[in-house]
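Chemist: Following this line is target18.cif, made up of mmCIF, C-alpha atoms:
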```
data_start
#
loop_
_atom_site.label_atom_id
_atom_site.label_comp_id
_atom_site.auth_asym_id
_atom_site.auth_seq_id
_atom_site.Cartn_x
_atom_site.Cartn_y
_atom_site.Cartn_z
CA MET A 1 1.97 36.60 -31.76
CA SER A 2 4.86 38.07 -29.83
CA ASN A 3 3.53 36.98 -26.44
CA THR A 4 3.40 33.28 -27.44
CA LYS A 5 6.99 33.27 -28.65
CA VAL A 6 9.16 31.09 -26.43
CA SER A 7 12.11 32.88 -24.94
CA MET A 8 15.23 31.27 -26.34
CA ASP A 9 17.74 33.26 -24.30
CA PRO A 10 20.48 30.65 -23.76
CA LYS A 11 21.37 32.01 -20.34
CA TYR A 12 17.81 31.53 -19.14
CA ILE A 13 17.63 27.99 -20.50
CA ILE A 14 20.93 27.10 -18.83
CA LYS A 15 19.69 28.56 -15.57
CA LEU A 16 16.55 26.39 -15.71
CA THR A 17 18.54 23.26 -16.53
CA VAL A 18 21.16 23.81 -13.85
CA THR A 19 18.56 24.60 -11.17
CA LEU A 20 16.57 21.48 -11.91
CA PHE A 21 19.71 19.35 -12.19
CA LEU A 22 21.09 20.55 -8.85
CA THR A 23 17.75 19.93 -7.15
CA CYS A 24 17.71 16.37 -8.48
CA VAL A 25 21.30 15.80 -7.34
CA VAL A 26 20.52 17.01 -3.80
CA VAL A 27 17.34 14.92 -3.56
CA ALA A 28 19.08 11.83 -4.97
CA GLY A 29 21.91 12.26 -2.45
CA LEU A 30 19.45 12.46 0.44
CA LEU A 31 17.60 9.38 -0.81
CA GLY A 32 20.89 7.50 -1.01
CA GLY A 33 21.51 8.38 2.63
CA VAL A 34 18.07 7.18 3.73
CA ASN A 35 18.49 4.01 1.68
CA ALA A 36 21.85 3.30 3.34
CA ILE A 37 20.20 3.51 6.76
CA THR A 38 17.14 1.45 5.92
CA ALA A 39 18.38 -1.15 3.38
CA ASP A 40 19.74 -3.60 5.97
CA LYS A 41 16.67 -3.27 8.13
CA ILE A 42 14.33 -3.84 5.20
CA ALA A 43 16.36 -6.88 4.08
CA ALA A 44 16.36 -8.31 7.62
CA SER A 45 12.64 -7.76 8.00
CA ASN A 46 12.05 -9.40 4.59
CA TRP A 47 14.13 -12.48 5.53
CA GLN A 48 12.29 -12.74 8.84
CA LYS A 49 9.03 -12.55 6.90
CA THR A 50 10.33 -15.26 4.56
CA VAL A 51 11.12 -17.56 7.48
CA GLU A 52 7.75 -16.83 9.05
CA ALA A 53 6.05 -17.52 5.74
CA MET A 54 7.97 -20.79 5.34
CA SER A 55 7.16 -21.87 8.90
CA ALA A 56 3.49 -21.24 8.17
CA VAL A 57 3.41 -23.64 5.23
CA VAL A 58 5.07 -26.76 6.63
CA ALA A 59 3.31 -29.48 8.63
CA ASP A 60 5.51 -29.26 11.74
CA PRO A 61 7.01 -25.75 12.05
CA ALA A 62 8.64 -26.25 15.47
CA SER A 63 11.08 -28.98 14.40
CA THR A 64 11.61 -27.88 10.79
CA ASN A 65 14.76 -26.12 9.62
CA PHE A 66 15.18 -24.42 6.29
CA SER A 67 18.11 -24.59 3.91
CA ASP A 68 19.44 -21.59 2.07
CA ALA A 69 17.87 -20.98 -1.30
CA MET A 70 18.39 -23.97 -3.63
CA GLU A 71 19.79 -23.62 -7.11
CA LEU A 72 16.98 -23.29 -9.63
CA THR A 73 17.15 -25.53 -12.68
CA ASP A 74 15.74 -24.57 -16.08
CA ALA A 75 13.21 -27.41 -15.80
CA MET A 76 11.80 -25.98 -12.54
CA THR A 77 11.60 -22.46 -13.91
CA ALA A 78 9.97 -23.60 -17.13
CA ALA A 79 7.44 -25.79 -15.29
CA ALA A 80 6.41 -22.87 -13.06
CA THR A 81 6.10 -20.49 -16.00
CA ALA A 82 3.96 -22.98 -17.93
CA ALA A 83 1.60 -23.19 -14.93
CA GLY A 84 1.09 -19.40 -14.78
CA GLY A 85 3.56 -18.14 -12.20
CA THR A 86 7.18 -17.11 -11.86
CA LEU A 87 9.51 -19.17 -9.69
CA ASP A 88 11.41 -16.96 -7.24
CA SER A 89 13.25 -19.35 -4.95
CA VAL A 90 13.02 -22.80 -3.40
CA TYR A 91 14.07 -23.72 0.13
CA GLU A 92 14.35 -27.28 1.39
CA ALA A 93 12.44 -28.05 4.58
CA GLN A 94 14.37 -30.45 6.81
CA VAL A 95 13.42 -32.35 9.96
CA ASN A 96 16.43 -33.89 11.76
CA GLY A 97 18.48 -33.32 8.61
CA GLN A 98 16.05 -35.29 6.41
CA ALA A 99 14.29 -33.48 3.57
CA VAL A 100 10.53 -33.54 4.19
CA GLY A 101 9.47 -31.13 1.48
CA TYR A 102 10.05 -27.78 -0.08
CA ALA A 103 9.01 -24.20 0.57
CA VAL A 104 8.53 -22.77 -2.90
CA LYS A 105 8.37 -19.01 -3.33
CA VAL A 106 6.48 -17.99 -6.45
CA VAL A 107 5.26 -14.73 -7.90
CA SER A 108 1.94 -14.56 -9.69
CA SER A 109 -0.07 -11.61 -10.89
CA GLY A 110 -3.01 -10.41 -8.82
CA SER A 111 -5.46 -7.63 -9.56
CA GLN A 112 -3.22 -4.72 -8.54
CA GLY A 113 0.26 -6.09 -9.00
CA ASN A 114 2.36 -9.10 -8.22
CA ILE A 115 1.56 -11.48 -5.38
CA GLU A 116 4.60 -13.05 -3.77
CA MET A 117 3.63 -16.22 -2.01
CA MET A 118 5.17 -19.19 -0.23
CA VAL A 119 3.77 -22.63 -0.95
CA GLY A 120 4.78 -25.66 1.11
CA VAL A 121 4.93 -28.91 -0.87
CA ASP A 122 5.91 -32.21 0.79
CA THR A 123 8.05 -34.85 -0.89
CA ASP A 124 4.88 -36.64 -2.12
CA GLY A 125 3.90 -33.51 -4.06
CA THR A 126 1.01 -32.51 -1.77
CA VAL A 127 0.45 -28.90 -0.67
CA THR A 128 1.09 -28.47 3.05
CA GLY A 129 0.27 -24.77 3.24
CA VAL A 130 0.07 -21.43 1.45
CA SER A 131 1.03 -18.05 2.81
CA ILE A 132 1.40 -14.62 1.24
CA VAL A 133 4.72 -12.79 1.53
CA LYS A 134 4.04 -9.56 -0.28
CA ASN A 135 1.12 -8.13 -2.20
CA SER A 136 -0.44 -4.87 -3.29
CA GLU A 137 -4.03 -6.07 -3.56
CA THR A 138 -6.82 -3.60 -2.91
CA ALA A 139 -7.32 -3.02 0.82
CA GLY A 140 -10.66 -4.45 1.86
CA ILE A 141 -11.20 -6.61 -1.25
CA GLY A 142 -8.19 -8.53 -2.55
CA SER A 143 -6.62 -8.17 0.88
CA LYS A 144 -9.30 -10.57 2.17
CA VAL A 145 -7.76 -13.33 0.08
CA MET A 146 -4.30 -12.35 1.33
CA ALA A 147 -5.56 -12.47 4.93
CA ASN A 148 -6.93 -16.01 4.47
CA GLU A 149 -10.54 -15.04 5.21
CA PRO A 150 -12.92 -17.99 5.59
CA LEU A 151 -15.03 -19.06 2.62
CA ALA A 152 -18.73 -19.93 2.89
CA THR A 153 -17.62 -23.44 3.88
CA GLY A 154 -15.70 -22.03 6.86
CA VAL A 155 -12.30 -23.04 5.48
CA GLY A 156 -9.80 -20.24 4.94
CA VAL A 157 -9.35 -19.24 1.31
CA LEU A 158 -5.63 -20.10 1.48
CA ASP A 159 -6.19 -23.20 3.66
CA GLN A 160 -8.39 -24.81 1.00
CA PHE A 161 -5.24 -25.65 -0.98
CA VAL A 162 -3.85 -27.88 1.80
CA GLY A 163 -3.99 -31.53 0.72
CA LYS A 164 -4.31 -30.72 -2.99
CA SER A 165 -1.67 -32.26 -5.21
CA ALA A 166 -0.68 -32.49 -8.83
CA ALA A 167 -2.97 -35.55 -8.98
CA ASP A 168 -5.98 -33.19 -8.70
CA GLY A 169 -5.04 -31.75 -12.09
CA THR A 170 -4.71 -28.04 -12.73
CA LEU A 171 -6.42 -26.08 -9.96
CA THR A 172 -9.03 -23.68 -11.34
CA VAL A 173 -11.22 -21.12 -9.57
CA GLY A 174 -14.85 -22.21 -9.88
CA ALA A 175 -14.00 -25.86 -10.52
CA ASN A 176 -11.93 -27.18 -7.62
CA VAL A 177 -11.04 -23.88 -5.92
CA ASP A 178 -13.46 -21.39 -4.33
CA ALA A 179 -12.97 -17.63 -4.60
CA ILE A 180 -13.81 -14.82 -2.17
CA THR A 181 -16.78 -12.80 -3.43
CA GLY A 182 -15.58 -9.67 -5.22
CA ALA A 183 -11.98 -10.83 -5.22
CA THR A 184 -12.01 -13.34 -8.06
CA VAL A 185 -8.90 -11.93 -9.72
CA SER A 186 -6.90 -12.09 -6.50
CA SER A 187 -8.15 -15.63 -5.85
CA ARG A 188 -7.13 -16.63 -9.39
CA GLY A 189 -3.69 -15.11 -8.83
CA VAL A 190 -3.18 -17.24 -5.72
CA THR A 191 -4.43 -20.35 -7.54
CA ALA A 192 -1.98 -19.76 -10.41
CA GLY A 193 0.79 -19.42 -7.83
CA VAL A 194 -0.11 -22.77 -6.23
CA ASN A 195 -0.20 -24.46 -9.65
CA ALA A 196 3.23 -23.01 -10.43
CA ALA A 197 4.65 -24.15 -7.09
CA LEU A 198 3.32 -27.70 -7.59
CA ALA A 199 4.76 -27.82 -11.08
CA ALA A 200 8.14 -26.53 -9.89
CA ALA A 201 8.27 -28.99 -6.97
CA GLY A 202 7.41 -31.80 -9.38
CA ALA A 203 10.36 -30.83 -11.54
CA ILE A 204 12.87 -31.00 -8.66
CA GLY A 205 15.45 -33.78 -9.05
CA MET B 1 -0.20 35.62 9.30
CA ASN B 2 -3.12 34.31 11.25
CA ILE B 3 -2.74 30.84 12.73
CA GLY B 4 -6.31 30.73 14.00
CA LYS B 5 -7.66 31.49 10.53
CA GLN B 6 -5.38 28.87 8.94
CA PHE B 7 -6.52 26.33 11.52
CA LYS B 8 -10.18 26.99 10.73
CA GLU B 9 -9.50 26.85 6.98
CA GLY B 10 -7.61 23.57 7.12
CA LEU B 11 -10.19 21.81 9.25
CA LEU B 12 -13.41 23.39 8.02
CA THR B 13 -13.88 26.16 5.49
CA GLN B 14 -11.03 25.03 3.16
CA ASN B 15 -10.92 21.38 4.18
CA PRO B 16 -8.76 19.62 1.56
CA VAL B 17 -11.13 16.70 1.05
CA LEU B 18 -14.61 18.02 1.76
CA VAL B 19 -14.30 21.53 0.28
CA GLN B 20 -11.32 21.54 -2.11
CA VAL B 21 -12.15 17.93 -3.14
CA LEU B 22 -8.48 16.97 -3.48
CA GLY B 23 -6.81 13.61 -2.80
CA MET B 24 -9.91 11.57 -3.68
CA CYS B 25 -8.04 8.42 -4.74
CA SER B 26 -6.49 7.66 -1.38
CA THR B 27 -9.54 8.92 0.51
CA LEU B 28 -11.79 6.40 -1.22
CA ALA B 29 -9.37 3.51 -1.35
CA ILE B 30 -7.74 3.14 2.04
CA THR B 31 -10.51 4.14 4.44
CA THR B 32 -11.49 0.59 5.33
CA SER B 33 -9.88 0.33 8.74
CA PHE B 34 -8.98 2.78 11.48
CA PHE B 35 -5.28 1.90 11.36
CA ASN B 36 -5.06 2.55 7.60
CA GLY B 37 -6.76 5.94 7.91
CA LEU B 38 -4.55 7.04 10.77
CA GLY B 39 -1.36 5.82 9.09
CA MET B 40 -2.18 7.42 5.76
CA GLY B 41 -3.27 10.67 7.44
CA VAL B 42 -0.08 10.92 9.47
CA ALA B 43 2.12 10.04 6.46
CA VAL B 44 0.44 12.70 4.30
CA THR B 45 0.60 15.29 7.09
CA ILE B 46 4.33 14.74 7.55
CA ILE B 47 5.09 14.86 3.82
CA LEU B 48 2.82 17.87 3.27
CA THR B 49 4.43 19.82 6.11
CA LEU B 50 8.00 19.01 5.01
CA SER B 51 7.37 19.75 1.34
CA ASN B 52 5.50 22.98 2.22
CA VAL B 53 8.44 24.19 4.29
CA ILE B 54 11.06 23.30 1.67
CA ILE B 55 9.08 24.74 -1.22
CA SER B 56 8.45 27.93 0.72
CA ALA B 57 12.18 28.13 1.54
CA ILE B 58 13.28 27.77 -2.07
CA ARG B 59 10.41 29.75 -3.62
CA LYS B 60 12.57 32.81 -4.35
CA ILE B 61 15.21 30.87 -6.31
CA VAL B 62 12.85 28.59 -8.24
CA PRO B 63 12.34 29.90 -11.79
CA ASP B 64 8.64 30.28 -12.50
CA LYS B 65 8.69 28.12 -15.65
CA ILE B 66 9.94 24.94 -13.97
CA ARG B 67 8.26 25.32 -10.58
CA ILE B 68 5.93 22.32 -11.04
CA ALA B 69 8.86 20.06 -11.93
CA MET B 70 10.73 21.31 -8.86
CA PHE B 71 7.70 20.69 -6.63
CA ILE B 72 7.38 17.13 -7.90
CA VAL B 73 11.08 16.40 -7.32
CA VAL B 74 10.87 17.67 -3.74
CA ILE B 75 7.61 15.83 -3.04
CA ALA B 76 8.79 12.57 -4.64
CA GLY B 77 11.97 12.75 -2.56
CA PHE B 78 10.05 13.04 0.70
CA VAL B 79 7.55 10.34 -0.27
CA THR B 80 10.33 7.88 -1.09
CA MET B 81 12.05 8.62 2.21
CA VAL B 82 8.83 8.07 4.17
CA ASP B 83 8.18 4.89 2.15
CA LEU B 84 11.62 3.46 2.97
CA LEU B 85 11.36 4.44 6.63
CA LEU B 86 7.93 2.84 6.94
CA GLN B 87 9.18 -0.38 5.33
CA ALA B 88 12.09 -0.47 7.75
CA PHE B 89 10.37 0.49 10.98
CA VAL B 90 6.60 -0.07 10.58
CA PRO B 91 6.40 -2.97 8.10
CA ALA B 92 2.81 -3.79 9.10
CA LEU B 93 1.56 -0.35 8.08
CA SER B 94 3.67 -0.34 4.94
CA GLU B 95 2.14 -3.64 3.90
CA SER B 96 -1.40 -2.59 4.64
CA LEU B 97 -1.18 0.73 2.76
CA GLY B 98 0.62 -0.97 -0.10
CA VAL B 99 0.83 1.02 -3.28
CA PHE B 100 -0.88 4.07 -1.80
CA ILE B 101 2.29 5.30 -0.09
CA PRO B 102 4.22 5.80 -3.38
CA LEU B 103 1.03 7.29 -4.81
CA ILE B 104 1.21 10.15 -2.27
CA VAL B 105 3.56 11.73 -4.85
CA VAL B 106 0.60 12.47 -7.06
CA ASN B 107 -1.78 13.25 -4.20
CA CYS B 108 -3.28 16.55 -5.35
CA ILE B 109 -3.39 17.96 -1.82
CA ILE B 110 0.38 18.21 -1.65
CA LEU B 111 0.94 19.63 -5.13
CA GLY B 112 -2.16 21.81 -4.70
CA ARG B 113 -0.92 23.36 -1.46
CA ALA B 114 2.57 23.84 -2.94
CA GLU B 115 1.13 25.79 -5.85
CA ALA B 116 -1.64 27.62 -3.99
CA PHE B 117 0.03 28.37 -0.69
CA SER B 118 3.66 27.66 0.04
CA TYR B 119 4.94 29.10 -3.27
CA LYS B 120 3.44 32.44 -2.24
CA ASN B 121 3.85 32.47 1.55
CA GLY B 122 6.56 32.42 4.20
CA ILE B 123 8.11 29.37 5.81
CA VAL B 124 6.27 29.60 9.14
CA ALA B 125 2.89 30.14 7.51
CA SER B 126 3.58 27.23 5.12
CA PHE B 127 4.57 25.00 8.03
CA PHE B 128 1.26 25.64 9.79
CA ASP B 129 -0.63 25.31 6.52
CA GLY B 130 0.89 21.84 6.07
CA ILE B 131 -0.01 20.78 9.60
CA PHE B 132 -3.58 22.08 9.50
CA GLN B 133 -4.37 20.86 5.98
CA GLY B 134 -2.87 17.50 6.98
CA ILE B 135 -5.01 17.34 10.10
CA GLY B 136 -8.06 18.27 8.04
CA TYR B 137 -7.28 15.39 5.66
CA THR B 138 -6.61 12.97 8.52
CA LEU B 139 -9.87 13.84 10.30
CA VAL B 140 -11.91 13.19 7.17
CA LEU B 141 -10.10 9.86 6.64
CA LEU B 142 -10.77 8.87 10.24
CA ALA B 143 -14.43 9.86 9.98
CA MET B 144 -14.79 7.75 6.83
CA CYS B 145 -12.93 4.81 8.38
CA ILE B 146 -15.08 4.90 11.50
CA ILE B 147 -18.35 5.15 9.54
CA ARG B 148 -17.43 2.46 7.00
CA GLU B 149 -15.96 0.11 9.57
CA PHE B 150 -18.82 0.50 12.05
CA LEU B 151 -21.72 0.23 9.61
CA GLY B 152 -19.96 -2.23 7.31
CA LYS B 153 -18.36 -4.63 9.77
CA GLY B 154 -19.74 -3.59 13.15
CA SER B 155 -16.32 -2.96 14.60
CA PHE B 156 -14.23 0.00 15.77
CA GLY B 157 -10.49 0.61 15.62
CA GLY B 158 -9.62 -2.18 13.15
CA GLY B 159 -5.91 -2.90 12.71
CA LEU B 160 -5.01 -1.10 15.91
CA LEU B 161 -7.15 -2.03 18.94
CA ASN B 162 -7.79 -5.49 20.33
CA GLY B 163 -4.78 -7.09 18.63
CA GLY B 164 -5.70 -5.82 15.19
CA ALA B 165 -9.21 -7.25 15.00
CA GLY B 166 -10.89 -4.13 16.37
CA ILE B 167 -13.60 -3.97 19.01
CA GLN B 168 -16.69 -5.75 17.75
CA ILE B 169 -19.75 -3.64 18.60
CA PHE B 170 -22.32 -5.79 16.80
CA PRO B 171 -21.82 -9.03 14.83
CA ALA B 172 -20.20 -8.49 11.43
CA ASP B 173 -22.99 -10.45 9.73
CA TYR B 174 -25.48 -7.64 10.45
CA GLY B 175 -23.24 -5.04 8.83
CA VAL B 176 -23.87 -3.43 5.43
CA GLY B 177 -21.01 -5.22 3.66
CA MET B 178 -21.31 -2.90 0.68
CA LEU B 179 -19.85 -0.05 2.70
CA THR B 180 -16.48 -1.76 2.94
CA LEU B 181 -16.37 -2.07 -0.86
CA PRO B 182 -15.31 0.87 -3.10
CA VAL B 183 -18.93 1.85 -3.76
CA GLY B 184 -19.35 2.38 -0.02
CA GLY B 185 -16.42 4.79 -0.11
CA PHE B 186 -18.18 6.94 -2.70
CA LEU B 187 -21.46 6.87 -0.75
CA THR B 188 -19.82 7.78 2.55
CA LEU B 189 -17.76 10.56 0.98
CA ALA B 190 -20.82 11.97 -0.81
CA CYS B 191 -22.77 12.10 2.46
CA LEU B 192 -19.87 13.79 4.26
CA ILE B 193 -19.42 16.40 1.50
CA ALA B 194 -23.17 17.11 1.45
CA LEU B 195 -23.18 17.50 5.23
CA MET B 196 -20.18 19.83 5.08
CA GLN B 197 -21.69 22.03 2.34
CA TRP B 198 -24.97 22.21 4.25
CA ALA B 199 -23.17 23.22 7.45
CA LEU B 200 -21.06 25.82 5.65
CA SER B 201 -23.98 27.42 3.79
CA LYS B 202 -26.06 27.47 6.97
CA ASN B 203 -23.22 29.21 8.73
CA LYS B 204 -23.06 31.93 6.08
CA LYS B 205 -26.68 32.97 6.50
#
```
If you convert what's in this file into structure tokens, what do you get?

Modeler:
Amino acid sequence: MSNTKVSMDPKYIIKLTVTLFLTCVVVAGLLGGVNAITADKIAASNWQKTVEAMSAVVADPASTNFSDAMELTDAMTAAATAAGGTLDSVYEAQVNGQAVGYAVKVVSSGSQGNIEMMVGVDTDGTVTGVSIVKNSETAGIGSKVMANEPLATGVGVLDQFVGKSAADGTLTVGANVDAITGATVSSRGVTAGVNAALAAAGAIG
Amino acid sequence: MNIGKQFKEGLLTQNPVLVQVLGMCSTLAITTSFFNGLGMGVAVTIILTLSNVIISAIRKIVPDKIRIAMFIVVIAGFVTMVDLLLQAFVPALSESLGVFIPLIVVNCIILGRAEAFSYKNGIVASFFDGIFQGIGYTLVLLAMCIIREFLGKGSFGGGLLNGGAGIQIFPADYGVGMLTLPVGGFLTLACLIALMQWALSKNKK
């Protein structure tokens, strides 16, 4: 029995604790340093990605400007949640100072994690484009949906949403939306995101 | 210390993937395009080498009872640094490898080498062990990427050459699409392991 007895020598326990604590402090300090160097760059690259994503979902990217993020109302947030996604932010798309639609950023759940996506909706409530900002879908399967691979009909899986509106009813995979083979869950995630974006845009002012 | 012997062990007789059968998760999941394999291989090699050197350097002051916890802290620190740096400077790679970069923390190759090698050997030997084991891992990843990409999609160098599309050797429609799915990863890996064991046992005779 004696060899299974845990050594309770306080000095030894303190030594273990202090060693581990100091190691964590040093590592955390180094990580803070790396974060300080990279945080701005990551934020800048994310904003650039956001602008690129917004430009990809409006009808006329060259002459469109984007406002800063709009204030989200409870009605918009609730509408998006009811449709199966989480509203992240809304930007107004403007041509010559006139509002032509909205770029709605929503988060929906995919097969491996959250899918952050940008959905362009014009003032009539029709989808003008869908693009993916951030995802962690499985490389080679769900990533096909993220990369807008063509469906059997030749239309890209994200492009099929263009022209759909709230008048089409709730978009559902298998009914009025086609999925990529083997990536049904990812396709459903994107569809839920589009539904949420349409609902949120419908609830604006 | 025998660099030649370590080199041979890392690449062949003690290859981390084909002989030690470590790091299966990432090996199966990300080997769908050349760029992914190369990026993952280089990231793991860098982290493995750094953590090997640090663990070897602190091996005399690490109390035996908490060594695994110390290893994990050191490894997690390096992985987070590499993750942040990739997001800041190579966002394309960071996006494509997705969740598998943070998962390097629990990649058995790194913890395995810390426990089996660098905790017992000098800094220089541990440095070379990290490099050679990393190269061994990278070569297997590349072999799997090339096989799966070529037979599955008929292309070579996806994500890197020819503007990211890869060089198409034969039309993608004639490829065995199954190989790009997870099941193809298992099949390819099984064939490579079988080949390796056959070659090793033949060599012994």

Chemist: Name the residues that the PyMOL selection byres ((chain A) within 8 of (chain B)) picks from the file above, as a CSV table (one decimal) with C-alpha atoms, in the frame of the given file, using the file's chain letters and numbers.

Modeler:
```
chain,number,residue,atom,x,y,z
A,16,LEU,CA,16.6,26.4,-15.7
A,19,THR,CA,18.6,24.6,-11.2
A,20,LEU,CA,16.6,21.5,-11.9
A,23,THR,CA,17.8,19.9,-7.2
A,24,CYS,CA,17.7,16.4,-8.5
A,27,VAL,CA,17.3,14.9,-3.6
A,28,ALA,CA,19.1,11.8,-5.0
A,31,LEU,CA,17.6,9.4,-0.8
A,34,VAL,CA,18.1,7.2,3.7
A,35,ASN,CA,18.5,4.0,1.7
A,38,THR,CA,17.1,1.4,5.9
A,39,ALA,CA,18.4,-1.2,3.4
A,41,LYS,CA,16.7,-3.3,8.1
A,42,ILE,CA,14.3,-3.8,5.2
A,45,SER,CA,12.6,-7.8,8.0
A,134,LYS,CA,4.0,-9.6,-0.3
A,135,ASN,CA,1.1,-8.1,-2.2
A,136,SER,CA,-0.4,-4.9,-3.3
A,137,GLU,CA,-4.0,-6.1,-3.6
A,138,THR,CA,-6.8,-3.6,-2.9
A,139,ALA,CA,-7.3,-3.0,0.8
A,140,GLY,CA,-10.7,-4.4,1.9
A,141,ILE,CA,-11.2,-6.6,-1.2
```

Chemist: Which of these, A:Ser111, A:Asn65, A:Val119, A:Ala75, has the shortest distance to Asn96 of chain A once you count only C-alpha atoms?

Modeler: A:Asn65

Chemist: Excluding same-chain residues fewer than 3 positions from Gly122 of chain B, what lies within 12 Å of it counting all atoms listed in the file, as a PDB file with C-alpha atoms, in the frame of the given file?

Modeler:
```pdb
ATOM      1  CA  MET B   1      -0.200  35.620   9.300  1.00  0.00           C
ATOM      2  CA  ASN B  52       5.500  22.980   2.220  1.00  0.00           C
ATOM      3  CA  VAL B  53       8.440  24.190   4.290  1.00  0.00           C
ATOM      4  CA  ILE B  54      11.060  23.300   1.670  1.00  0.00           C
ATOM      5  CA  ILE B  55       9.080  24.740  -1.220  1.00  0.00           C
ATOM      6  CA  SER B  56       8.450  27.930   0.720  1.00  0.00           C
ATOM      7  CA  ALA B  57      12.180  28.130   1.540  1.00  0.00           C
ATOM      8  CA  ILE B  58      13.280  27.770  -2.070  1.00  0.00           C
ATOM      9  CA  ARG B  59      10.410  29.750  -3.620  1.00  0.00           C
ATOM     10  CA  LYS B  60      12.570  32.810  -4.350  1.00  0.00           C
ATOM     11  CA  ALA B 114       2.570  23.840  -2.940  1.00  0.00           C
ATOM     12  CA  PHE B 117       0.030  28.370  -0.690  1.00  0.00           C
ATOM     13  CA  SER B 118       3.660  27.660   0.040  1.00  0.00           C
ATOM     14  CA  TYR B 119       4.940  29.100  -3.270  1.00  0.00           C
ATOM     15  CA  ALA B 125       2.890  30.140   7.510  1.00  0.00           C
ATOM     16  CA  SER B 126       3.580  27.230   5.120  1.00  0.00           C
ATOM     17  CA  PHE B 127       4.570  25.000   8.030  1.00  0.00           C
ATOM     18  CA  PHE B 128       1.260  25.640   9.790  1.00  0.00           C
ATOM     19  CA  ASP B 129      -0.630  25.310   6.520  1.00  0.00           C
TER      20      ASP B 129
END
```

Chemist: Give the centre and edge lengths of an axis-aligned box, in Å to one decimal, that holds all listed atoms of segment 90-95 of chain B with 6 Å on each side, as JSON.

Modeler:
```
{"center_x": 4.1, "center_y": -1.9, "center_z": 7.2, "size_x": 17.0, "size_y": 15.7, "size_z": 18.7}
```

Chemist: Could you expand the PyMOL selection byres ((chain B and resi 183-186) around 10) into the explicit residues it covers here, written as a VMD selection string?

Modeler: chain B and resid 24 27 to 32 144 to 145 147 to 148 152 176 to 182 187 to 192

Chemist: Using all atoms listed in the file, which residues sit within 9 Å of Ile131 of chain B once same-chain residues fewer than 5 positions away are excluded, as a ChimeraX atom specification?

Modeler: /B:7,10,45-46,48-49,126,136

Chemist: At a cut-off of 10 Å, using only C-alpha atoms, what residues contact Ala59 of chain A? Leave out same-chain residues fewer than 5 positions from it and give the result as a PyMOL selection string.

Modeler: chain A and resi 64+100-101+120-122+127-129

Chemist: Quick one: apply the PyMOL selection byres ((chain B and resi 16) around 10) to the file and drop the selected residues here as a ChimeraX atom specification.

Modeler: /B:9-15,17-24,108-110,112-113,132-138,140

Chemist: Just to confirm, what's the straight-line distance from atom CA of Asp74 of chain A to atom CA of Thr86 of chain A in Å (one decimal)?

Modeler: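 Computing it gives 12.1 Å between the two atoms.
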
Chemist: Contacts of Ser131 of chain A at 8 Å or less, counting only C-alpha atoms, minus same-chain residues fewer than 5 places along, as a VMD selection string?

Modeler: chain A and resid 53 to 54 56 to 57 117 to 119 146 158

Chemist: One number please: atom CA of Ser55 of chain A to atom CA of Thr181 of chain A, in Å, one decimal.

Modeler: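 Interatomic distance, atom CA of Ser55 of chain A to atom CA of Thr181 of chain A: 28.4 Å.
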
Chemist: Please tell me which residues are no farther than 12 Å from (-6.8, -28.8, -7.0) in the file, counting all atoms listed in the file, and write them as a list in words.

Modeler: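 It turns out the residues near that spot are Thr126, Val127, Gln160, Phe161, Val162, Gly163, Lys164, Ser165, Ala166, Ala167, Asp168, Gly169, Thr170, Leu171, Thr172, Val173, Gly174, Ala175, Asn176, Val177, Asp178, Thr191, Ala192, Val194, Asn195 and Leu198 of chain A.
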
Chemist: Given the choices A:Gly32, A:Ala196, A:Asp9, A:Glu52, which gets closest to Asp88 of chain A if the distance is worked out from only C-alpha atoms?

Modeler: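 Residue with the minimum atom-to-atom distance to Asp88 of chain A: A:Ala196.
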